[in-house]
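Next up, entry_34.cif (mmCIF, N, CA and C atoms):
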data_entry
#
loop_
_atom_site.label_atom_id
_atom_site.label_comp_id
_atom_site.auth_asym_id
_atom_site.auth_seq_id
_atom_site.Cartn_x
_atom_site.Cartn_y
_atom_site.Cartn_z
N MET B 30 -9.20 5.47 -2.82
CA MET B 30 -8.93 4.84 -4.09
C MET B 30 -9.50 5.73 -5.19
N LYS B 31 -8.76 5.93 -6.22
CA LYS B 31 -9.17 6.83 -7.29
C LYS B 31 -10.07 6.12 -8.30
N LYS B 32 -10.93 6.92 -8.94
CA LYS B 32 -11.86 6.40 -9.93
C LYS B 32 -11.15 5.59 -11.02
N GLU B 33 -10.00 6.06 -11.46
CA GLU B 33 -9.25 5.36 -12.52
C GLU B 33 -8.83 3.96 -12.07
N GLN B 34 -8.41 3.84 -10.82
CA GLN B 34 -8.02 2.54 -10.27
C GLN B 34 -9.23 1.60 -10.19
N ILE B 35 -10.36 2.15 -9.83
CA ILE B 35 -11.59 1.37 -9.74
C ILE B 35 -12.00 0.89 -11.13
N LEU B 36 -11.98 1.80 -12.10
CA LEU B 36 -12.33 1.45 -13.48
C LEU B 36 -11.40 0.38 -14.04
N LYS B 37 -10.12 0.46 -13.70
CA LYS B 37 -9.18 -0.55 -14.17
C LYS B 37 -9.56 -1.92 -13.64
N GLN B 38 -9.92 -1.98 -12.36
CA GLN B 38 -10.30 -3.27 -11.78
C GLN B 38 -11.62 -3.77 -12.37
N PHE B 39 -12.56 -2.86 -12.64
CA PHE B 39 -13.80 -3.26 -13.32
C PHE B 39 -13.47 -3.85 -14.69
N SER B 40 -12.55 -3.21 -15.42
CA SER B 40 -12.19 -3.69 -16.75
C SER B 40 -11.50 -5.05 -16.71
N GLN B 41 -10.94 -5.40 -15.56
CA GLN B 41 -10.31 -6.71 -15.38
C GLN B 41 -11.33 -7.77 -14.95
N GLY B 42 -12.58 -7.37 -14.82
CA GLY B 42 -13.64 -8.32 -14.49
C GLY B 42 -14.02 -8.40 -13.03
N PHE B 43 -13.46 -7.53 -12.20
CA PHE B 43 -13.80 -7.55 -10.78
C PHE B 43 -15.05 -6.72 -10.53
N ASP B 44 -15.87 -7.17 -9.58
CA ASP B 44 -17.08 -6.46 -9.20
C ASP B 44 -16.79 -5.52 -8.04
N CYS B 45 -17.76 -4.65 -7.76
CA CYS B 45 -17.57 -3.63 -6.72
C CYS B 45 -17.22 -4.23 -5.36
N SER B 46 -17.86 -5.33 -4.99
CA SER B 46 -17.57 -5.96 -3.70
C SER B 46 -16.10 -6.40 -3.64
N GLN B 47 -15.60 -6.92 -4.74
CA GLN B 47 -14.21 -7.38 -4.80
C GLN B 47 -13.23 -6.22 -4.72
N VAL B 48 -13.55 -5.13 -5.39
CA VAL B 48 -12.67 -3.96 -5.37
C VAL B 48 -12.56 -3.41 -3.95
N VAL B 49 -13.71 -3.26 -3.29
CA VAL B 49 -13.72 -2.69 -1.94
C VAL B 49 -12.98 -3.60 -0.96
N LEU B 50 -13.34 -4.87 -0.91
CA LEU B 50 -12.73 -5.77 0.08
C LEU B 50 -11.24 -5.97 -0.19
N ALA B 51 -10.85 -6.16 -1.43
CA ALA B 51 -9.43 -6.38 -1.74
C ALA B 51 -8.60 -5.15 -1.38
N TYR B 52 -9.09 -3.97 -1.73
CA TYR B 52 -8.35 -2.74 -1.43
C TYR B 52 -8.20 -2.53 0.08
N LEU B 53 -9.32 -2.59 0.79
CA LEU B 53 -9.26 -2.33 2.23
C LEU B 53 -8.53 -3.44 2.99
N SER B 54 -8.68 -4.68 2.56
CA SER B 54 -7.98 -5.79 3.22
C SER B 54 -6.48 -5.65 3.11
N GLU B 55 -6.04 -5.27 1.92
CA GLU B 55 -4.60 -5.09 1.74
C GLU B 55 -4.11 -3.87 2.53
N LYS B 56 -4.82 -2.78 2.44
CA LYS B 56 -4.41 -1.55 3.12
C LYS B 56 -4.33 -1.73 4.65
N HIS B 57 -5.26 -2.49 5.19
CA HIS B 57 -5.32 -2.65 6.65
C HIS B 57 -4.81 -4.01 7.12
N ASN B 58 -4.12 -4.72 6.22
CA ASN B 58 -3.46 -5.98 6.55
C ASN B 58 -4.43 -7.00 7.18
N LEU B 59 -5.58 -7.18 6.53
CA LEU B 59 -6.60 -8.08 7.06
C LEU B 59 -6.55 -9.46 6.41
N THR B 60 -6.32 -9.50 5.12
CA THR B 60 -6.16 -10.75 4.38
C THR B 60 -5.54 -10.40 3.04
N ASN B 61 -5.12 -11.39 2.28
CA ASN B 61 -4.50 -11.09 0.99
C ASN B 61 -5.57 -10.82 -0.07
N GLN B 62 -5.15 -10.19 -1.17
CA GLN B 62 -6.11 -9.80 -2.21
C GLN B 62 -6.80 -11.00 -2.85
N GLN B 63 -6.08 -12.08 -3.06
CA GLN B 63 -6.69 -13.25 -3.70
C GLN B 63 -7.83 -13.80 -2.84
N THR B 64 -7.60 -13.96 -1.56
CA THR B 64 -8.64 -14.44 -0.65
C THR B 64 -9.79 -13.45 -0.60
N ALA B 65 -9.48 -12.18 -0.52
CA ALA B 65 -10.51 -11.14 -0.46
C ALA B 65 -11.38 -11.17 -1.71
N ARG B 66 -10.77 -11.31 -2.86
CA ARG B 66 -11.54 -11.33 -4.12
C ARG B 66 -12.39 -12.58 -4.23
N LYS B 67 -11.86 -13.71 -3.80
CA LYS B 67 -12.64 -14.94 -3.86
C LYS B 67 -13.82 -14.88 -2.89
N MET B 68 -13.56 -14.37 -1.70
CA MET B 68 -14.59 -14.26 -0.67
C MET B 68 -15.75 -13.37 -1.11
N SER B 69 -15.44 -12.34 -1.86
CA SER B 69 -16.45 -11.34 -2.22
C SER B 69 -16.94 -11.48 -3.66
N ALA B 70 -16.62 -12.59 -4.30
CA ALA B 70 -16.90 -12.76 -5.73
C ALA B 70 -18.40 -12.84 -6.07
N CYS B 71 -19.24 -13.18 -5.17
CA CYS B 71 -20.66 -13.40 -5.50
C CYS B 71 -21.57 -12.27 -5.05
N PHE B 72 -21.03 -11.09 -4.81
CA PHE B 72 -21.83 -10.03 -4.23
C PHE B 72 -22.08 -8.84 -5.16
N GLY B 73 -21.54 -8.86 -6.37
CA GLY B 73 -21.75 -7.75 -7.31
C GLY B 73 -23.21 -7.63 -7.70
N GLY B 74 -23.62 -6.42 -8.05
CA GLY B 74 -25.01 -6.19 -8.47
C GLY B 74 -26.02 -6.52 -7.39
N GLY B 75 -25.61 -6.30 -6.15
CA GLY B 75 -26.50 -6.66 -5.04
C GLY B 75 -26.82 -8.13 -5.04
N MET B 76 -25.75 -8.93 -5.16
CA MET B 76 -25.84 -10.38 -5.25
C MET B 76 -26.63 -10.78 -6.48
N TRP B 77 -26.44 -9.97 -7.54
CA TRP B 77 -27.12 -10.14 -8.83
C TRP B 77 -28.62 -10.22 -8.69
N GLY B 78 -29.10 -9.47 -7.69
CA GLY B 78 -30.54 -9.38 -7.50
C GLY B 78 -30.96 -7.98 -7.10
N GLY B 79 -30.02 -7.02 -7.14
CA GLY B 79 -30.34 -5.65 -6.77
C GLY B 79 -30.51 -5.44 -5.28
N ASN B 80 -30.06 -6.41 -4.49
CA ASN B 80 -30.19 -6.32 -3.04
C ASN B 80 -29.09 -5.40 -2.48
N VAL B 81 -28.51 -5.72 -1.36
CA VAL B 81 -27.49 -4.85 -0.77
C VAL B 81 -26.35 -4.67 -1.78
N CYS B 82 -26.01 -3.44 -2.03
CA CYS B 82 -24.97 -3.06 -2.99
C CYS B 82 -23.67 -3.83 -2.73
N GLY B 83 -23.03 -4.29 -3.80
CA GLY B 83 -21.78 -5.03 -3.66
C GLY B 83 -20.70 -4.23 -2.95
N ALA B 84 -20.64 -2.92 -3.22
CA ALA B 84 -19.64 -2.09 -2.54
C ALA B 84 -19.91 -2.08 -1.03
N VAL B 85 -21.17 -2.08 -0.67
CA VAL B 85 -21.55 -2.11 0.75
C VAL B 85 -21.18 -3.45 1.37
N THR B 86 -21.46 -4.56 0.68
CA THR B 86 -21.11 -5.86 1.25
C THR B 86 -19.60 -6.01 1.37
N GLY B 87 -18.85 -5.45 0.43
CA GLY B 87 -17.39 -5.46 0.54
C GLY B 87 -16.93 -4.72 1.78
N ALA B 88 -17.58 -3.60 2.06
CA ALA B 88 -17.25 -2.84 3.27
C ALA B 88 -17.65 -3.62 4.53
N TYR B 89 -18.82 -4.26 4.50
CA TYR B 89 -19.25 -5.06 5.65
C TYR B 89 -18.25 -6.18 5.94
N MET B 90 -17.80 -6.85 4.88
CA MET B 90 -16.83 -7.93 5.07
C MET B 90 -15.52 -7.39 5.65
N THR B 91 -15.11 -6.21 5.20
CA THR B 91 -13.90 -5.59 5.75
C THR B 91 -14.07 -5.31 7.23
N LEU B 92 -15.20 -4.72 7.59
CA LEU B 92 -15.44 -4.40 9.00
C LEU B 92 -15.56 -5.68 9.84
N GLY B 93 -16.10 -6.73 9.24
CA GLY B 93 -16.16 -8.02 9.94
C GLY B 93 -14.78 -8.60 10.18
N LEU B 94 -13.91 -8.52 9.16
CA LEU B 94 -12.54 -9.00 9.34
C LEU B 94 -11.80 -8.21 10.41
N LYS B 95 -12.07 -6.93 10.47
CA LYS B 95 -11.36 -6.06 11.42
C LYS B 95 -11.95 -6.17 12.84
N TYR B 96 -13.27 -6.20 12.94
CA TYR B 96 -13.91 -6.09 14.26
C TYR B 96 -14.79 -7.27 14.65
N GLY B 97 -15.03 -8.19 13.73
CA GLY B 97 -15.95 -9.28 14.01
C GLY B 97 -15.46 -10.24 15.08
N HIS B 98 -16.40 -10.93 15.68
CA HIS B 98 -16.07 -11.92 16.70
C HIS B 98 -15.99 -13.30 16.07
N SER B 99 -15.19 -14.16 16.67
CA SER B 99 -15.04 -15.52 16.15
C SER B 99 -15.02 -16.57 17.26
N THR B 100 -15.28 -16.14 18.45
CA THR B 100 -15.34 -17.08 19.56
C THR B 100 -16.70 -16.95 20.25
N PRO B 101 -17.19 -18.04 20.83
CA PRO B 101 -18.48 -18.00 21.53
C PRO B 101 -18.46 -17.00 22.68
N GLY B 102 -19.58 -16.33 22.86
CA GLY B 102 -19.73 -15.43 24.01
C GLY B 102 -18.96 -14.13 23.91
N ALA B 103 -18.53 -13.75 22.74
CA ALA B 103 -17.75 -12.52 22.57
C ALA B 103 -18.68 -11.32 22.35
N ALA B 104 -19.48 -11.05 23.34
CA ALA B 104 -20.51 -10.01 23.23
C ALA B 104 -19.93 -8.62 22.96
N GLN B 105 -18.82 -8.31 23.59
CA GLN B 105 -18.21 -6.98 23.41
C GLN B 105 -17.75 -6.79 21.96
N GLU B 106 -17.08 -7.79 21.40
CA GLU B 106 -16.63 -7.70 20.02
C GLU B 106 -17.82 -7.64 19.07
N LYS B 107 -18.86 -8.42 19.36
CA LYS B 107 -20.05 -8.41 18.52
C LYS B 107 -20.70 -7.02 18.52
N GLN B 108 -20.81 -6.43 19.67
CA GLN B 108 -21.40 -5.10 19.76
C GLN B 108 -20.55 -4.05 19.04
N GLN B 109 -19.24 -4.19 19.13
CA GLN B 109 -18.37 -3.26 18.43
C GLN B 109 -18.57 -3.37 16.92
N ALA B 110 -18.65 -4.60 16.42
CA ALA B 110 -18.85 -4.81 14.98
C ALA B 110 -20.20 -4.25 14.54
N ILE B 111 -21.23 -4.48 15.31
CA ILE B 111 -22.56 -3.94 14.99
C ILE B 111 -22.51 -2.42 14.95
N GLY B 112 -21.83 -1.83 15.92
CA GLY B 112 -21.68 -0.38 15.95
C GLY B 112 -20.98 0.16 14.70
N LYS B 113 -19.99 -0.57 14.23
CA LYS B 113 -19.27 -0.16 13.01
C LYS B 113 -20.17 -0.25 11.78
N ILE B 114 -21.00 -1.28 11.70
CA ILE B 114 -21.92 -1.43 10.57
C ILE B 114 -22.96 -0.30 10.60
N VAL B 115 -23.50 0.01 11.76
CA VAL B 115 -24.47 1.09 11.89
C VAL B 115 -23.82 2.42 11.48
N GLN B 116 -22.60 2.65 11.94
CA GLN B 116 -21.86 3.86 11.56
C GLN B 116 -21.65 3.91 10.05
N PHE B 117 -21.22 2.79 9.47
CA PHE B 117 -21.02 2.75 8.02
C PHE B 117 -22.32 3.06 7.28
N ASN B 118 -23.41 2.39 7.67
CA ASN B 118 -24.69 2.62 6.99
C ASN B 118 -25.09 4.09 7.02
N THR B 119 -24.91 4.73 8.16
CA THR B 119 -25.25 6.15 8.28
C THR B 119 -24.44 6.98 7.30
N LEU B 120 -23.12 6.76 7.27
CA LEU B 120 -22.25 7.52 6.38
C LEU B 120 -22.59 7.26 4.91
N PHE B 121 -22.80 6.02 4.56
CA PHE B 121 -23.08 5.66 3.17
C PHE B 121 -24.44 6.18 2.73
N GLU B 122 -25.44 6.01 3.57
CA GLU B 122 -26.80 6.45 3.22
C GLU B 122 -26.92 7.96 3.14
N GLU B 123 -26.05 8.69 3.84
CA GLU B 123 -26.04 10.16 3.69
C GLU B 123 -25.75 10.55 2.24
N LYS B 124 -24.94 9.77 1.56
CA LYS B 124 -24.58 10.09 0.18
C LYS B 124 -25.50 9.44 -0.84
N HIS B 125 -26.01 8.26 -0.54
CA HIS B 125 -26.74 7.50 -1.57
C HIS B 125 -28.19 7.17 -1.21
N GLY B 126 -28.62 7.50 0.01
CA GLY B 126 -30.01 7.32 0.38
C GLY B 126 -30.44 5.90 0.68
N SER B 127 -29.60 4.94 0.39
CA SER B 127 -29.94 3.53 0.59
C SER B 127 -28.67 2.70 0.51
N THR B 128 -28.76 1.47 0.97
CA THR B 128 -27.68 0.51 0.76
C THR B 128 -28.08 -0.52 -0.29
N LEU B 129 -29.28 -0.40 -0.83
CA LEU B 129 -29.77 -1.35 -1.84
C LEU B 129 -29.35 -0.92 -3.24
N CYS B 130 -28.74 -1.83 -3.95
CA CYS B 130 -28.23 -1.57 -5.29
C CYS B 130 -29.33 -1.04 -6.21
N ARG B 131 -30.48 -1.70 -6.22
CA ARG B 131 -31.55 -1.32 -7.14
C ARG B 131 -32.05 0.10 -6.86
N LYS B 132 -31.99 0.53 -5.61
CA LYS B 132 -32.42 1.89 -5.28
C LYS B 132 -31.33 2.91 -5.62
N ILE B 133 -30.09 2.54 -5.43
CA ILE B 133 -28.98 3.45 -5.70
C ILE B 133 -28.84 3.71 -7.20
N VAL B 134 -28.89 2.65 -7.99
CA VAL B 134 -28.70 2.81 -9.45
C VAL B 134 -30.01 2.97 -10.22
N GLY B 135 -31.13 2.63 -9.60
CA GLY B 135 -32.42 2.83 -10.24
C GLY B 135 -32.82 1.77 -11.26
N TYR B 136 -32.18 0.62 -11.19
CA TYR B 136 -32.50 -0.48 -12.11
C TYR B 136 -32.62 -1.78 -11.33
N LYS B 137 -33.29 -2.75 -11.95
CA LYS B 137 -33.42 -4.08 -11.36
C LYS B 137 -32.34 -4.98 -11.94
N PHE B 138 -31.85 -5.89 -11.11
CA PHE B 138 -30.86 -6.89 -11.55
C PHE B 138 -31.51 -8.25 -11.51
N PRO B 139 -31.24 -9.10 -12.42
CA PRO B 139 -30.47 -8.93 -13.65
C PRO B 139 -31.31 -8.45 -14.84
N GLU B 140 -32.63 -8.27 -14.60
CA GLU B 140 -33.55 -7.95 -15.69
C GLU B 140 -33.11 -6.75 -16.53
N ASP B 141 -32.60 -5.71 -15.89
CA ASP B 141 -32.27 -4.46 -16.58
C ASP B 141 -30.80 -4.35 -16.97
N MET B 142 -30.08 -5.46 -16.99
CA MET B 142 -28.64 -5.39 -17.25
C MET B 142 -28.32 -4.73 -18.58
N GLU B 143 -29.10 -4.99 -19.60
CA GLU B 143 -28.85 -4.36 -20.90
C GLU B 143 -28.96 -2.84 -20.80
N GLN B 144 -29.96 -2.36 -20.07
CA GLN B 144 -30.13 -0.91 -19.88
C GLN B 144 -29.02 -0.33 -19.01
N ILE B 145 -28.61 -1.08 -18.01
CA ILE B 145 -27.52 -0.64 -17.13
C ILE B 145 -26.25 -0.44 -17.94
N LEU B 146 -25.94 -1.40 -18.78
CA LEU B 146 -24.75 -1.30 -19.62
C LEU B 146 -24.86 -0.15 -20.60
N ALA B 147 -26.03 0.00 -21.22
CA ALA B 147 -26.24 1.07 -22.20
C ALA B 147 -26.17 2.46 -21.56
N SER B 148 -26.59 2.56 -20.31
CA SER B 148 -26.60 3.86 -19.62
C SER B 148 -25.20 4.31 -19.18
N GLY B 149 -24.26 3.37 -19.14
CA GLY B 149 -22.90 3.70 -18.72
C GLY B 149 -22.72 3.79 -17.21
N LEU B 150 -23.71 3.33 -16.45
CA LEU B 150 -23.61 3.41 -14.99
C LEU B 150 -22.38 2.72 -14.43
N LEU B 151 -21.99 1.62 -15.05
CA LEU B 151 -20.84 0.87 -14.54
C LEU B 151 -19.53 1.64 -14.66
N THR B 152 -19.49 2.62 -15.55
CA THR B 152 -18.27 3.42 -15.69
C THR B 152 -18.42 4.83 -15.15
N THR B 153 -19.64 5.21 -14.79
CA THR B 153 -19.84 6.56 -14.26
C THR B 153 -20.25 6.53 -12.79
N ARG B 154 -21.39 5.97 -12.50
CA ARG B 154 -21.93 6.00 -11.14
C ARG B 154 -21.28 4.97 -10.21
N CYS B 155 -21.11 3.76 -10.70
CA CYS B 155 -20.59 2.69 -9.83
C CYS B 155 -19.19 2.97 -9.27
N PRO B 156 -18.25 3.52 -10.04
CA PRO B 156 -16.95 3.83 -9.44
C PRO B 156 -17.06 4.81 -8.27
N GLN B 157 -17.98 5.77 -8.37
CA GLN B 157 -18.17 6.72 -7.27
C GLN B 157 -18.76 6.03 -6.05
N ILE B 158 -19.67 5.11 -6.28
CA ILE B 158 -20.27 4.35 -5.19
C ILE B 158 -19.20 3.54 -4.47
N VAL B 159 -18.31 2.91 -5.24
CA VAL B 159 -17.20 2.14 -4.66
C VAL B 159 -16.30 3.06 -3.85
N ALA B 160 -15.94 4.20 -4.41
CA ALA B 160 -15.08 5.16 -3.69
C ALA B 160 -15.74 5.62 -2.40
N ASP B 161 -17.04 5.88 -2.45
CA ASP B 161 -17.76 6.32 -1.25
C ASP B 161 -17.84 5.22 -0.20
N ALA B 162 -17.99 3.97 -0.62
CA ALA B 162 -18.02 2.85 0.33
C ALA B 162 -16.66 2.70 1.01
N ILE B 163 -15.59 2.83 0.22
CA ILE B 163 -14.24 2.75 0.79
C ILE B 163 -14.03 3.88 1.79
N GLU B 164 -14.43 5.08 1.41
CA GLU B 164 -14.25 6.23 2.31
C GLU B 164 -15.03 6.05 3.61
N ALA B 165 -16.28 5.60 3.52
CA ALA B 165 -17.08 5.39 4.73
C ALA B 165 -16.49 4.30 5.60
N ALA B 166 -16.05 3.21 5.00
CA ALA B 166 -15.44 2.11 5.77
C ALA B 166 -14.16 2.58 6.46
N GLU B 167 -13.37 3.37 5.75
CA GLU B 167 -12.14 3.86 6.35
C GLU B 167 -12.43 4.76 7.56
N LYS B 168 -13.46 5.57 7.49
CA LYS B 168 -13.84 6.40 8.64
C LYS B 168 -14.21 5.50 9.83
N CYS B 169 -14.88 4.42 9.55
CA CYS B 169 -15.26 3.48 10.63
C CYS B 169 -14.03 2.79 11.22
N ILE B 170 -13.06 2.50 10.41
CA ILE B 170 -11.84 1.85 10.89
C ILE B 170 -10.99 2.81 11.71
N ILE B 171 -10.91 4.04 11.29
CA ILE B 171 -10.07 5.03 11.97
C ILE B 171 -10.67 5.44 13.30
N GLU B 172 -11.99 5.57 13.35
CA GLU B 172 -12.65 6.06 14.58
C GLU B 172 -12.86 4.97 15.59
#

In structure tokens, what does this structure look like?
Amino acid sequence: MKKEQILKQFSQGFDCSQVVLAYLSEKHNLTNQQTARKMSACFGGGMWGGNVCGAVTGAYMTLGLKYGHSTPGAAQEKQQAIGKIVQFNTLFEEKHGSTLCRKIVGYKFPEDMEQILASGLLTTRCPQIVADAIEAAEKCIIE
């Protein structure tokens, strides 16, 4: 997904988690965009607490939809999903050093929101983080 497409979705009010999950869900026929966006609506800004990055949680939800288990005793599927999350974390952390929003962007949420907006991170750094999360998730899906 290109930076311009990501910025357009940000300008429409969607958060990084929504952009990642909606894009990957549609591309890999996992669920529709409306459901994906609703499902991931509360995860931006590391759940608005600087915790796990919204782009990362969007990728986790994608991998869960693709590989997650939904029946009791599905140990093989569970292990496969865990393996995909570990693989994703490795790929993502190689580029960003962490999966935590506050560590990646260097600010606290929501306390530093005014500084985050003033710094332009949402239009410079965050689109790249979203693109990197999509790329890492796609590698996990393909392999």

Spatial neighbours of Gly74 in chain B, max dist 7 Å, only C-alpha atoms, sep filter under 4 positions, as a list in words: Gly78, Gly79, Cys82, Gly83, Cys130 and Phe138 of chain B

Given the PyMOL selection byres ((chain B and resi 100-116) around 8), the residues it picks as an MDAnalysis selection string: chainID B and resid 88:89 92:93 95:99 117:122 165:166 168:170

Using the chain letters and numbering of this document, enumerate as a JSON list (two decimals) with N, CA and C atoms, keeping the file's coordinate frame the residues selected by the PyMOL selection byres ((chain B and resi 45) around 7).
[["chain", "number", "residue", "atom", "x", "y", "z"],
["B", 39, "PHE", "N", -12.56, -2.86, -12.64],
["B", 39, "PHE", "CA", -13.80, -3.26, -13.32],
["B", 39, "PHE", "C", -13.47, -3.85, -14.69],
["B", 43, "PHE", "N", -13.46, -7.53, -12.20],
["B", 43, "PHE", "CA", -13.80, -7.55, -10.78],
["B", 43, "PHE", "C", -15.05, -6.72, -10.53],
["B", 44, "ASP", "N", -15.87, -7.17, -9.58],
["B", 44, "ASP", "CA", -17.08, -6.46, -9.20],
["B", 44, "ASP", "C", -16.79, -5.52, -8.04],
["B", 46, "SER", "N", -17.86, -5.33, -4.99],
["B", 46, "SER", "CA", -17.57, -5.96, -3.70],
["B", 46, "SER", "C", -16.10, -6.40, -3.64],
["B", 47, "GLN", "N", -15.60, -6.92, -4.74],
["B", 47, "GLN", "CA", -14.21, -7.38, -4.80],
["B", 47, "GLN", "C", -13.23, -6.22, -4.72],
["B", 48, "VAL", "N", -13.55, -5.13, -5.39],
["B", 48, "VAL", "CA", -12.67, -3.96, -5.37],
["B", 48, "VAL", "C", -12.56, -3.41, -3.95],
["B", 49, "VAL", "N", -13.71, -3.26, -3.29],
["B", 49, "VAL", "CA", -13.72, -2.69, -1.94],
["B", 49, "VAL", "C", -12.98, -3.60, -0.96],
["B", 50, "LEU", "N", -13.34, -4.87, -0.91],
["B", 50, "LEU", "CA", -12.73, -5.77, 0.08],
["B", 50, "LEU", "C", -11.24, -5.97, -0.19],
["B", 72, "PHE", "N", -21.03, -11.09, -4.81],
["B", 72, "PHE", "CA", -21.83, -10.03, -4.23],
["B", 72, "PHE", "C", -22.08, -8.84, -5.16],
["B", 73, "GLY", "N", -21.54, -8.86, -6.37],
["B", 73, "GLY", "CA", -21.75, -7.75, -7.31],
["B", 73, "GLY", "C", -23.21, -7.63, -7.70],
["B", 74, "GLY", "N", -23.62, -6.42, -8.05],
["B", 74, "GLY", "CA", -25.01, -6.19, -8.47],
["B", 74, "GLY", "C", -26.02, -6.52, -7.39],
["B", 82, "CYS", "N", -26.01, -3.44, -2.03],
["B", 82, "CYS", "CA", -24.97, -3.06, -2.99],
["B", 82, "CYS", "C", -23.67, -3.83, -2.73],
["B", 83, "GLY", "N", -23.03, -4.29, -3.80],
["B", 83, "GLY", "CA", -21.78, -5.03, -3.66],
["B", 83, "GLY", "C", -20.70, -4.23, -2.95],
["B", 84, "ALA", "N", -20.64, -2.92, -3.22],
["B", 84, "ALA", "CA", -19.64, -2.09, -2.54],
["B", 84, "ALA", "C", -19.91, -2.08, -1.03],
["B", 85, "VAL", "N", -21.17, -2.08, -0.67],
["B", 85, "VAL", "CA", -21.55, -2.11, 0.75],
["B", 85, "VAL", "C", -21.18, -3.45, 1.37],
["B", 87, "GLY", "N", -18.85, -5.45, 0.43],
["B", 87, "GLY", "CA", -17.39, -5.46, 0.54],
["B", 87, "GLY", "C", -16.93, -4.72, 1.78],
["B", 159, "VAL", "N", -18.31, 2.91, -5.24],
["B", 159, "VAL", "CA", -17.20, 2.14, -4.66],
["B", 159, "VAL", "C", -16.30, 3.06, -3.85]]

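Put simply, CA of Pro156 in chain B is 5.9 Å away from CA of Ile35 in chain B.
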
Point-to-point distance in Å for atom C of His125 in chain B and CA of Ile158 in chain B: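 Result for CA of Ile158 in chain B versus atom C of His125 in chain B: 9.3 Å, one decimal.
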
Atomic distance CA of Ser127 in chain B - CA of Arg154 in chain B, expressed in Å with one decimal: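 Pair CA of Ser127 in chain B / CA of Arg154 in chain B returns 14.4 Å.
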
Residue among B:Cys71, B:Leu53, B:Val81, B:Met76 lying closest to Leu129 in chain B, counting all atoms listed in the file: B:Val81

Range 75-104 of chain B: residues DSSP assigns to helix (DSSP H, G or I), reported as a list in words: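 Going through range 75-104 of chain B, the helix (DSSP H, G or I) residues come out as Gly75, Met76, Trp77, Gly78, Gly79, Gly83, Ala84, Val85, Thr86, Gly87, Ala88, Tyr89, Met90, Thr91, Leu92, Gly93, Leu94, Lys95, Tyr96 and Ala104 of chain B.
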
Residues within 12 Å of (-18.6, 9.7, -9.1), file coords, only C-alpha atoms, listed as a ChimeraX atom specification: /B:30-33,35-36,124-125,150-162

Selected residue, from B:Gly42, B:Pro139, B:Ser54, B:Thr86, that lies nearest to Ser69 in chain B when counting all atoms listed in the file: B:Thr86
